[in-house]
>>> print(open('start-v8.csv').read())   # CSV, C-alpha atoms and all ligand atoms
chain,number,residue,atom,x,y,z
W,151,MET,CA,-18.9,25.7,4.7
W,152,LYS,CA,-20.4,23.6,1.8
W,153,ALA,CA,-19.4,20.0,1.2
W,154,ALA,CA,-20.6,17.2,-1.1
W,155,ILE,CA,-21.8,14.2,1.0
W,156,CYS,CA,-22.6,10.7,0.0
W,157,TYR,CA,-25.3,9.3,2.4
W,158,GLU,CA,-25.8,5.9,0.7
W,159,PRO,CA,-24.5,4.2,-2.5
W,160,ASN,CA,-26.2,4.8,-5.8
W,161,THR,CA,-27.9,8.1,-4.7
W,162,PRO,CA,-26.9,11.6,-5.8
W,163,LEU,CA,-24.4,13.4,-3.6
W,164,LYS,CA,-25.9,16.2,-1.5
W,165,VAL,CA,-24.2,19.5,-1.3
W,166,GLU,CA,-24.9,20.8,2.2
W,167,GLU,CA,-23.7,23.1,4.9
W,168,VAL,CA,-21.4,21.3,7.3
W,169,THR,CA,-19.0,22.3,10.2
W,170,LEU,CA,-15.3,21.6,10.2
W,171,ASP,CA,-13.3,21.5,13.5
W,172,GLU,CA,-10.0,23.2,14.0
W,173,PRO,CA,-6.9,21.3,13.0
W,174,GLN,CA,-5.5,19.2,15.9
W,175,ALA,CA,-1.9,18.0,16.4
W,176,ASN,CA,-0.1,17.5,13.1
W,177,GLU,CA,-3.1,18.6,11.1
W,178,VAL,CA,-3.5,21.6,8.8
W,179,LEU,CA,-6.6,23.5,7.6
W,180,VAL,CA,-6.5,24.0,3.8
W,181,LYS,CA,-8.7,26.3,1.7
W,182,LEU,CA,-9.5,24.3,-1.4
W,183,VAL,CA,-9.1,26.0,-4.8
W,184,ALA,CA,-9.7,22.9,-7.1
W,185,THR,CA,-10.5,19.2,-6.8
W,186,GLY,CA,-10.3,16.7,-9.6
W,187,VAL,CA,-13.3,14.4,-10.4
W,188,CYS,CA,-11.9,10.9,-10.3
W,189,HIS,CA,-13.2,7.4,-11.2
W,190,SER,CA,-12.3,6.1,-7.8
W,191,ASP,CA,-15.0,8.3,-6.2
W,192,LEU,CA,-17.4,6.8,-8.7
W,193,HIS,CA,-16.5,3.3,-7.5
W,194,PHE,CA,-17.4,4.4,-3.9
W,195,ILE,CA,-20.6,6.2,-4.9
W,196,LYS,CA,-21.8,3.2,-6.9
W,197,GLY,CA,-21.0,0.9,-3.9
W,198,GLU,CA,-18.5,-1.1,-5.9
W,199,MET,CA,-16.0,-0.4,-3.1
W,200,PRO,CA,-17.3,-0.4,0.5
W,201,GLN,CA,-17.1,2.8,2.4
W,202,PRO,CA,-18.5,4.0,5.8
W,203,MET,CA,-21.2,6.6,5.3
W,204,PRO,CA,-22.1,9.4,5.4
W,205,VAL,CA,-18.8,10.5,3.9
W,206,VAL,CA,-17.6,13.8,2.4
W,207,MET,CA,-16.2,12.7,-1.0
W,208,GLY,CA,-13.3,14.1,-3.1
W,209,HIS,CA,-9.6,13.3,-2.9
W,210,GLU,CA,-7.8,15.1,-5.7
W,211,GLY,CA,-7.6,18.4,-3.9
W,212,ALA,CA,-5.2,21.4,-4.1
W,213,GLY,CA,-5.3,24.7,-2.2
W,214,ILE,CA,-3.6,27.0,0.3
W,215,VAL,CA,-2.8,26.3,3.9
W,216,GLU,CA,-4.7,28.6,6.1
W,217,LYS,CA,-3.9,27.4,9.6
W,218,VAL,CA,-1.7,24.8,11.2
W,219,GLY,CA,-2.3,22.7,14.3
W,220,PRO,CA,0.2,22.1,17.2
W,221,GLY,CA,3.4,20.3,16.2
W,222,VAL,CA,3.2,20.9,12.5
W,223,THR,CA,6.7,21.4,11.1
W,224,THR,CA,6.5,20.8,7.4
W,225,LEU,CA,3.9,23.4,6.4
W,226,GLN,CA,2.9,26.9,7.2
W,227,PRO,CA,0.0,29.3,6.4
W,228,GLY,CA,0.2,30.5,2.8
W,229,ASP,CA,1.9,27.3,1.4
W,230,HIS,CA,0.4,25.9,-1.8
W,231,VAL,CA,-0.3,22.2,-1.4
W,232,ILE,CA,-1.6,19.1,-3.3
W,233,PHE,CA,-3.3,16.4,-1.3
W,234,MET,CA,-2.1,12.8,-1.7
W,235,VAL,CA,-4.5,9.9,-2.0
W,236,SER,CA,-2.0,7.5,-0.5
W,237,PHE,CA,-0.8,8.5,3.0
W,238,SER,CA,2.7,7.6,4.3
W,239,CYS,CA,3.5,7.7,8.0
W,240,GLY,CA,7.3,7.9,7.4
W,241,LYS,CA,7.9,5.3,10.2
W,242,CYS,CA,6.6,1.9,9.2
W,243,ARG,CA,8.7,-0.7,7.5
W,244,PHE,CA,7.5,0.2,4.0
W,245,CYS,CA,8.0,3.9,4.5
W,246,VAL,CA,11.5,3.3,5.8
W,247,GLU,CA,12.3,1.0,3.0
W,248,GLY,CA,11.5,3.7,0.5
W,249,ARG,CA,8.1,2.4,-0.6
W,250,PRO,CA,5.8,5.0,1.0
W,251,THR,CA,2.7,4.3,-1.1
W,252,ARG,CA,2.6,0.9,0.6
W,253,CYS,CA,2.5,2.4,4.1
W,254,VAL,CA,0.6,0.2,6.6
W,255,GLU,CA,-1.6,3.2,7.6
W,256,ASN,CA,-3.1,3.4,4.1
W,257,LEU,CA,-5.6,0.6,4.2
W,258,PRO,CA,-7.1,1.6,7.6
W,259,ILE,CA,-7.4,5.3,6.4
W,260,MET,CA,-9.1,4.2,3.2
W,261,SER,CA,-11.4,1.6,4.7
W,262,MET,CA,-12.4,3.6,7.8
W,263,ALA,CA,-12.5,7.0,5.9
W,264,THR,CA,-11.0,8.9,8.8
W,265,LEU,CA,-7.9,11.0,9.3
W,266,PRO,CA,-4.8,9.0,10.2
W,267,GLY,CA,-5.3,7.8,13.7
W,268,GLY,CA,-9.1,7.5,13.4
W,269,GLY,CA,-10.2,11.1,14.0
W,270,LYS,CA,-13.1,12.9,12.3
W,271,ARG,CA,-13.3,16.7,12.0
W,272,LEU,CA,-16.5,17.0,9.9
W,273,ARG,CA,-20.1,17.2,11.2
W,274,LYS,CA,-23.6,17.8,9.9
W,275,GLY,CA,-25.5,19.0,12.9
W,276,ASP,CA,-24.8,16.3,15.6
W,277,GLN,CA,-23.8,13.7,13.0
W,278,GLU,CA,-20.1,13.0,12.4
W,279,LEU,CA,-19.1,12.7,8.8
W,280,HIS,CA,-16.3,10.5,7.3
W,281,HIS,CA,-13.4,11.8,5.3
W,282,LEU,CA,-12.9,10.0,2.0
W,283,PHE,CA,-9.2,8.8,2.0
W,284,GLY,CA,-8.6,11.0,5.0
W,285,LEU,CA,-9.0,14.0,2.7
W,286,ALA,CA,-12.7,14.9,2.0
W,287,CYS,CA,-12.0,17.7,-0.5
W,288,TYR,CA,-15.3,18.2,-2.3
W,289,ALA,CA,-15.6,20.9,0.3
W,290,GLU,CA,-14.6,24.6,0.6
W,291,TYR,CA,-12.1,23.7,3.4
W,292,ALA,CA,-10.4,20.5,4.6
W,293,VAL,CA,-8.5,19.5,7.7
W,294,VAL,CA,-5.9,16.9,6.8
W,295,HIS,CA,-2.7,15.4,8.3
W,296,GLU,CA,0.3,17.4,7.4
W,297,ARG,CA,1.8,14.3,5.7
W,298,SER,CA,-1.3,14.1,3.4
W,299,ALA,CA,-0.3,17.4,1.7
W,300,VAL,CA,2.8,18.1,-0.5
W,301,LYS,CA,4.1,21.6,-0.7
W,302,ILE,CA,4.6,22.8,-4.3
W,303,ARG,CA,5.7,26.0,-6.0
W,304,ASP,CA,3.5,29.1,-5.8
W,305,ASP,CA,3.1,29.8,-9.5
W,306,ALA,CA,1.4,26.6,-10.7
W,307,PRO,CA,-2.3,26.7,-11.5
W,308,PHE,CA,-4.3,24.7,-8.9
W,309,GLU,CA,-7.0,23.7,-11.4
W,310,VAL,CA,-4.4,21.7,-13.3
W,311,ILE,CA,-1.9,20.4,-10.7
W,312,CYS,CA,-4.7,19.2,-8.4
W,313,LEU,CA,-4.8,16.1,-10.6
W,314,LEU,CA,-1.3,15.1,-9.4
W,315,GLY,CA,-2.8,13.9,-6.1
W,316,CYS,CA,-4.1,10.7,-7.5
W,317,GLY,CA,-4.9,9.4,-11.0
W,318,VAL,CA,-2.4,11.5,-13.0
W,319,SER,CA,0.6,10.7,-10.8
W,320,SER,CA,-0.6,7.0,-10.7
W,321,GLY,CA,-0.3,6.9,-14.4
W,322,ILE,CA,3.0,8.7,-14.8
W,323,GLY,CA,4.5,6.8,-11.9
W,324,ALA,CA,3.3,3.4,-13.1
W,325,ALA,CA,5.3,4.0,-16.4
W,326,ILE,CA,8.4,5.6,-14.9
W,327,ASN,CA,8.7,4.0,-11.4
W,328,THR,CA,6.7,0.7,-11.4
W,329,ALA,CA,7.4,-0.4,-15.0
W,330,GLY,CA,10.8,1.4,-15.1
W,331,VAL,CA,10.5,2.0,-18.9
W,332,ARG,CA,13.9,2.7,-20.5
W,333,PRO,CA,14.6,4.5,-23.7
W,334,GLY,CA,13.6,2.5,-26.8
W,335,GLU,CA,11.4,-0.1,-25.0
W,336,SER,CA,7.9,-0.9,-26.2
W,337,VAL,CA,4.9,-0.1,-24.1
W,338,VAL,CA,1.2,-0.8,-24.6
W,339,ILE,CA,-1.4,1.1,-22.5
W,340,TYR,CA,-4.9,-0.3,-22.1
W,341,GLY,CA,-7.5,2.3,-21.3
W,342,CYS,CA,-7.2,6.0,-22.2
W,343,GLY,CA,-8.9,7.7,-19.3
W,344,GLY,CA,-7.1,10.1,-17.1
W,345,VAL,CA,-4.8,7.4,-15.6
W,346,GLY,CA,-4.0,5.7,-19.0
W,347,LEU,CA,-3.3,9.0,-20.8
W,348,SER,CA,-1.0,10.0,-17.9
W,349,ALA,CA,0.8,6.6,-18.4
W,350,VAL,CA,1.1,7.5,-22.1
W,351,MET,CA,2.8,10.8,-21.0
W,352,GLY,CA,5.0,9.0,-18.5
W,353,ALA,CA,6.1,6.4,-21.0
W,354,ARG,CA,6.8,9.1,-23.6
W,355,LEU,CA,8.9,11.1,-21.0
W,356,ALA,CA,10.8,7.9,-20.1
W,357,GLY,CA,11.8,7.5,-23.8
W,358,ALA,CA,9.5,4.6,-24.9
W,359,GLY,CA,10.2,3.3,-28.4
W,360,VAL,CA,7.0,1.9,-29.8
W,361,LEU,CA,4.2,3.3,-27.6
W,362,ILE,CA,0.7,1.9,-28.2
W,363,ALA,CA,-2.6,3.0,-26.7
W,364,VAL,CA,-5.8,0.9,-26.7
W,365,ASP,CA,-9.4,2.1,-26.0
W,366,THR,CA,-12.8,1.7,-27.5
W,367,LEU,CA,-13.5,5.4,-28.0
W,368,ASP,CA,-11.9,7.2,-30.9
W,369,ARG,CA,-11.8,10.6,-29.2
W,370,LYS,CA,-9.8,9.2,-26.3
W,371,LEU,CA,-7.4,7.6,-28.9
W,372,GLU,CA,-7.0,10.9,-30.6
W,373,LYS,CA,-6.0,12.4,-27.3
W,374,ALA,CA,-3.5,9.5,-26.7
W,375,LYS,CA,-1.9,10.4,-30.1
W,376,GLU,CA,-1.8,14.0,-29.1
W,377,LEU,CA,0.1,13.1,-25.9
W,378,GLY,CA,2.7,10.9,-27.7
W,379,ALA,CA,1.3,7.5,-28.6
W,380,ASP,CA,2.8,6.1,-31.8
W,381,TYR,CA,-0.1,3.8,-32.6
W,382,VAL,CA,-3.6,3.6,-31.4
W,383,ILE,CA,-5.9,0.6,-31.4
W,384,ASN,CA,-9.7,0.7,-31.2
W,385,ALA,CA,-10.5,-2.5,-29.3
W,386,SER,CA,-14.2,-2.4,-30.5
W,387,GLN,CA,-13.0,-2.7,-34.1
W,388,GLU,CA,-9.9,-5.0,-34.0
W,389,ASP,CA,-8.3,-7.6,-31.7
W,390,PRO,CA,-5.9,-5.5,-29.6
W,391,MET,CA,-3.7,-8.4,-28.6
W,392,ALA,CA,-3.1,-9.6,-32.1
W,393,LYS,CA,-2.4,-6.0,-33.2
W,394,VAL,CA,0.1,-5.4,-30.4
W,395,LEU,CA,1.9,-8.6,-31.2
W,396,GLU,CA,2.1,-7.5,-34.9
W,397,LEU,CA,3.3,-3.9,-34.1
W,398,THR,CA,5.9,-5.0,-31.6
W,399,GLY,CA,7.1,-8.1,-33.4
W,400,GLY,CA,6.0,-10.6,-30.8
W,401,GLY,CA,4.8,-8.7,-27.8
W,402,ALA,CA,5.5,-5.5,-25.9
W,403,ASP,CA,8.1,-5.1,-23.2
W,404,TYR,CA,5.5,-3.7,-20.9
W,405,ALA,CA,1.6,-3.7,-20.8
W,406,LEU,CA,-0.2,-1.4,-18.4
W,407,GLU,CA,-3.9,-1.9,-17.6
W,408,CYS,CA,-5.4,1.4,-16.6
W,409,ILE,CA,-9.2,0.7,-16.5
W,410,GLY,CA,-9.8,-1.8,-13.7
W,411,ASN,CA,-11.5,-4.5,-15.9
W,412,VAL,CA,-10.3,-8.1,-15.4
W,413,ASP,CA,-11.0,-9.1,-19.0
W,414,VAL,CA,-8.9,-6.2,-20.2
W,415,MET,CA,-6.2,-7.3,-17.7
W,416,ALA,CA,-6.1,-10.7,-19.4
W,417,GLN,CA,-5.7,-9.1,-22.8
W,418,ALA,CA,-2.9,-6.9,-21.4
W,419,PHE,CA,-1.1,-9.9,-20.0
W,420,GLY,CA,-1.4,-11.6,-23.4
W,421,SER,CA,0.2,-8.6,-25.1
W,422,ILE,CA,3.7,-8.9,-23.6
W,423,HIS,CA,6.4,-11.1,-24.8
W,424,GLY,CA,8.1,-13.9,-22.7
W,425,GLY,CA,10.0,-12.1,-20.0
W,426,GLY,CA,7.8,-9.0,-20.4
W,427,LYS,CA,6.1,-7.2,-17.5
W,428,PHE,CA,2.4,-6.6,-17.0
W,429,ILE,CA,1.5,-3.8,-14.6
W,430,VAL,CA,-2.0,-3.6,-13.0
W,431,VAL,CA,-2.8,0.1,-12.5
W,432,GLY,CA,-6.6,0.0,-12.7
W,433,MET,CA,-8.9,-0.6,-9.7
W,434,ALA,CA,-11.2,-3.5,-10.5
W,435,PRO,CA,-14.4,-3.8,-8.4
W,436,LEU,CA,-13.8,-5.7,-5.1
W,437,GLY,CA,-14.4,-9.5,-5.4
W,438,THR,CA,-13.5,-9.8,-9.1
W,439,THR,CA,-11.0,-12.4,-10.1
W,440,LEU,CA,-8.3,-12.3,-12.8
W,441,ASN,CA,-8.1,-15.5,-15.0
W,442,ILE,CA,-4.9,-16.2,-16.8
W,443,GLN,CA,-3.2,-19.3,-18.3
W,444,SER,CA,-0.7,-20.5,-15.8
W,445,TYR,CA,1.7,-21.8,-18.5
W,446,GLU,CA,2.5,-18.1,-19.3
W,447,PHE,CA,4.6,-17.9,-16.2
W,448,LEU,CA,6.9,-20.5,-17.8
W,449,LEU,CA,7.6,-17.8,-20.4
W,450,GLY,CA,9.1,-15.7,-17.6
W,451,LYS,CA,6.3,-13.1,-17.6
W,452,THR,CA,5.8,-10.9,-14.5
W,453,ILE,CA,2.7,-9.3,-13.0
W,454,ILE,CA,3.2,-6.2,-10.9
W,455,GLY,CA,0.7,-4.3,-8.8
W,456,CYS,CA,1.1,-0.7,-7.7
W,457,VAL,CA,-0.3,2.0,-5.5
W,458,GLN,CA,-0.3,5.5,-6.9
W,459,GLY,CA,2.5,4.7,-9.3
W,460,ASP,CA,5.0,3.9,-6.5
W,461,ILE,CA,5.7,7.6,-6.3
W,462,LYS,CA,7.7,9.2,-3.5
W,463,ALA,CA,5.3,12.1,-3.2
W,464,SER,CA,7.4,14.7,-1.6
W,465,VAL,CA,10.1,14.3,-4.3
W,466,ASP,CA,8.2,13.2,-7.4
W,467,VAL,CA,5.1,15.5,-7.2
W,468,PRO,CA,7.0,18.8,-7.1
W,469,ARG,CA,9.1,17.4,-10.0
W,470,TYR,CA,6.0,16.6,-12.0
W,471,VAL,CA,4.8,20.2,-11.3
W,472,ASP,CA,8.1,21.5,-12.7
W,473,LEU,CA,7.9,19.3,-15.8
W,474,TYR,CA,4.3,20.6,-16.4
W,475,MET,CA,5.4,24.2,-16.0
W,476,ASP,CA,8.3,23.5,-18.4
W,477,GLY,CA,5.9,22.2,-21.0
W,478,LYS,CA,7.3,18.6,-20.8
W,479,LEU,CA,4.2,17.0,-19.1
W,480,PRO,CA,1.1,18.5,-20.7
W,481,ILE,CA,-1.4,17.3,-18.0
W,482,ASP,CA,-3.6,20.3,-18.7
W,483,LYS,CA,-4.6,18.6,-22.0
W,484,LEU,CA,-6.5,16.0,-19.9
W,485,ILE,CA,-9.0,18.5,-18.6
W,486,THR,CA,-12.0,18.9,-20.7
W,487,LYS,CA,-14.4,20.7,-18.3
W,488,SER,CA,-14.6,22.5,-15.0
W,489,TYR,CA,-17.7,22.7,-12.7
W,490,ASN,CA,-18.6,24.4,-9.4
W,491,LEU,CA,-19.5,22.3,-6.4
W,492,ASP,CA,-23.2,22.5,-6.9
W,493,GLU,CA,-22.8,20.7,-10.2
W,494,ILE,CA,-21.0,17.7,-8.7
W,495,ASN,CA,-23.5,15.1,-9.8
W,496,GLU,CA,-23.5,16.5,-13.3
W,497,ALA,CA,-19.7,16.1,-13.3
W,498,PHE,CA,-19.9,12.5,-12.3
W,499,GLY,CA,-22.6,11.8,-14.9
W,500,ALA,CA,-20.3,13.2,-17.6
W,501,LEU,CA,-17.4,11.1,-16.3
W,502,GLU,CA,-19.4,7.9,-16.3
W,503,ARG,CA,-20.7,8.5,-19.8
W,504,GLY,CA,-17.2,9.2,-21.0
W,505,ASP,CA,-18.0,12.7,-22.1
W,506,VAL,CA,-15.0,14.1,-20.3
W,507,ILE,CA,-11.5,12.7,-19.7
W,508,LYS,CA,-10.8,14.7,-16.6
W,509,SER,CA,-12.9,17.5,-15.1
W,510,VAL,CA,-12.2,19.7,-12.1
W,511,ILE,CA,-14.4,21.3,-9.4
W,512,ARG,CA,-13.4,24.9,-8.8
W,513,PHE,CA,-14.1,26.7,-5.6
W,601,ZN,ZN,-8.4,9.6,-7.8
W,602,ZN,ZN,4.3,4.1,6.8
>>> encode(input="start-v8.csv", output="structure tokens")
Amino acid sequence: MKAAICYEPNTPLKVEEVTLDEPQANEVLVKLVATGVCHSDLHFIKGEMPQPMPVVMGHEGAGIVEKVGPGVTTLQPGDHVIFMVSFSCGKCRFCVEGRPTRCVENLPIMSMATLPGGGKRLRKGDQELHHLFGLACYAEYAVVHERSAVKIRDDAPFEVICLLGCGVSSGIGAAINTAGVRPGESVVIYGCGGVGLSAVMGARLAGAGVLIAVDTLDRKLEKAKELGADYVINASQEDPMAKVLELTGGGADYALECIGNVDVMAQAFGSIHGGGKFIVVGMAPLGTTLNIQSYEFLLGKTIIGCVQGDIKASVDVPRYVDLYMDGKLPIDKLITKSYNLDEINEAFGALERGDVIKSVIRF
């Protein structure tokens, strides 16, 4: 089968023939139908986040289960599934406490780029290949742990709902679960890429009162308005912090940073009122440091981090799919282009230039 491999940072991905082993205990073989093109992949490709190489990239995959390994109880051939970027073992302290995105197995899987437990099922000739996030879904097929895939209804379009495996559920969940936006509260979202616009949709769905979106590109701000923002601020033309304070009468109840830029994080923190909450959603390059005035904590402000919007995947993701199918969560409006696997480098180029909000690889 064909797969897109990263051999070293800052080089184009290579689409090559590779072999994939049979699913082993608790693993499933999935035929991919669509995989989203995500900024996190770009961080790995550019070497901003370390990653063992060579690695088959891609983590926002959706497809149909073709075969199950021994001991699999939650899935069967023919099931439609979405892959989850954050794994949950179901057994560790965090999983048991109901915080599955903080599962202790997440970090090893991400940093080792293997399946849970350390296995690799991909090879190019004699050379073993790593699985990005234990998923590796810029490929025609993937073998993943059964707990990395969430079963969803059969009538939802893969090329849309694949986005719910990572960025889109991160944004929606950050507004609804992490922030816990309640009807009438004010929210400002910094960054209108796929994650930020999903946070706009999530905050709208939660009943936000004043909902403000900030970006430096007008076409992304137009999209934010289309998805429910009441006000938009172009940060290249005016001071977003001053404008948020003006629009909210002294600061927003919540600010969400959805870019991964420490300077923008400082602005977001400065946009909430005393007692307000600042949620860090974006993934800043490893080693960067956030500088904020410590006196602001005397104002009762809170900073909250999150992983994949603190979702409980097996419950929340099928729910988001239903909301999309009912027209209440228009995630299809994020997708501006689709590509085939051979065009993967073109897809990343367009993402990096900001030509697309979200694009999808279709198999
Ligand atoms: Zn992603
Ligand atoms: Zn766990």
>>> residues_near_ligand(input="start-v8.csv", ligand="ligand ZN 601 (chain W)", cutoff="6 Å", atoms="all atoms listed in the file", output="PyMOL selection string")
chain W and resi 188+190+210+316-317
>>> residues_near_ligand(input="start-v8.csv", ligand="ligand ZN 602 (chain W)", cutoff="10 Å", atoms="all atoms listed in the file", output="list in words")
Phe237, Ser238, Cys239, Gly240, Lys241, Cys242, Arg243, Phe244, Cys245, Val246, Glu247, Gly248, Arg249, Pro250, Thr251, Arg252, Cys253, Val254, Glu255 and Asn256 of chain W
>>> atom_distance(input="start-v8.csv", atom1="atom CA of Glu158 of chain W", atom2="atom CA of Met203 of chain W")
6.5 Å
>>> closest_atom_pairs(input="start-v8.csv", of="segment 347-401 of chain W", to="segment 480-492 of chain W", cutoff="10 Å", atoms="all atoms listed in the file", output="tab-separated table")
residue	atom	partner	partner_atom	distance
W:Leu347	CA	W:Leu484	CA	7.7
W:Ser348	CA	W:Ile481	CA	7.3
W:Met351	CA	W:Pro480	CA	7.9
W:Lys370	CA	W:Leu484	CA	9.9
W:Lys373	CA	W:Leu484	CA	8.2
W:Ala374	CA	W:Leu484	CA	9.9
W:Glu376	CA	W:Lys483	CA	8.9
W:Leu377	CA	W:Pro480	CA	7.6
>>> closest_residue(input="start-v8.csv", among="W:Ile453, W:Val183, W:Leu436, W:Val331", to="Met415 of chain W", atoms="all atoms listed in the file")
W:Ile453
>>> atom_distance(input="start-v8.csv", atom1="atom CA of Ile454 of chain W", atom2="atom CA of Ala418 of chain W")
12.2 Å
>>> atom_distance(input="start-v8.csv", atom1="atom CA of Tyr157 of chain W", atom2="atom CA of Tyr291 of chain W")
19.6 Å
>>> closest_residue(input="start-v8.csv", among="W:Gly208, W:Gly330, W:Gly426, W:Pro200", to="Leu163 of chain W", atoms="only C-alpha atoms")
W:Gly208
>>> closest_residue(input="start-v8.csv", among="W:Cys456, W:Ile214, W:Leu272, W:Ile339", to="Leu361 of chain W", atoms="all atoms listed in the file")
W:Ile339
>>> closest_residue(input="start-v8.csv", among="W:Ala363, W:Ala175, W:Leu313, W:Ala385", to="Leu265 of chain W", atoms="all atoms listed in the file")
W:Ala175
>>> residues_around(input="start-v8.csv", residues="His230 of chain W", least_positions_apart="3", cutoff="8 Å", atoms="all atoms listed in the file", output="list in words")
Ala212, Gly213, Ile214, Val215, Lys301, Ile302, Arg303 and Asp304 of chain W
>>> closest_residue(input="start-v8.csv", among="W:Ala292, W:Ser421, W:Cys342, W:Leu225", to="Val382 of chain W", atoms="only C-alpha atoms")
W:Cys342
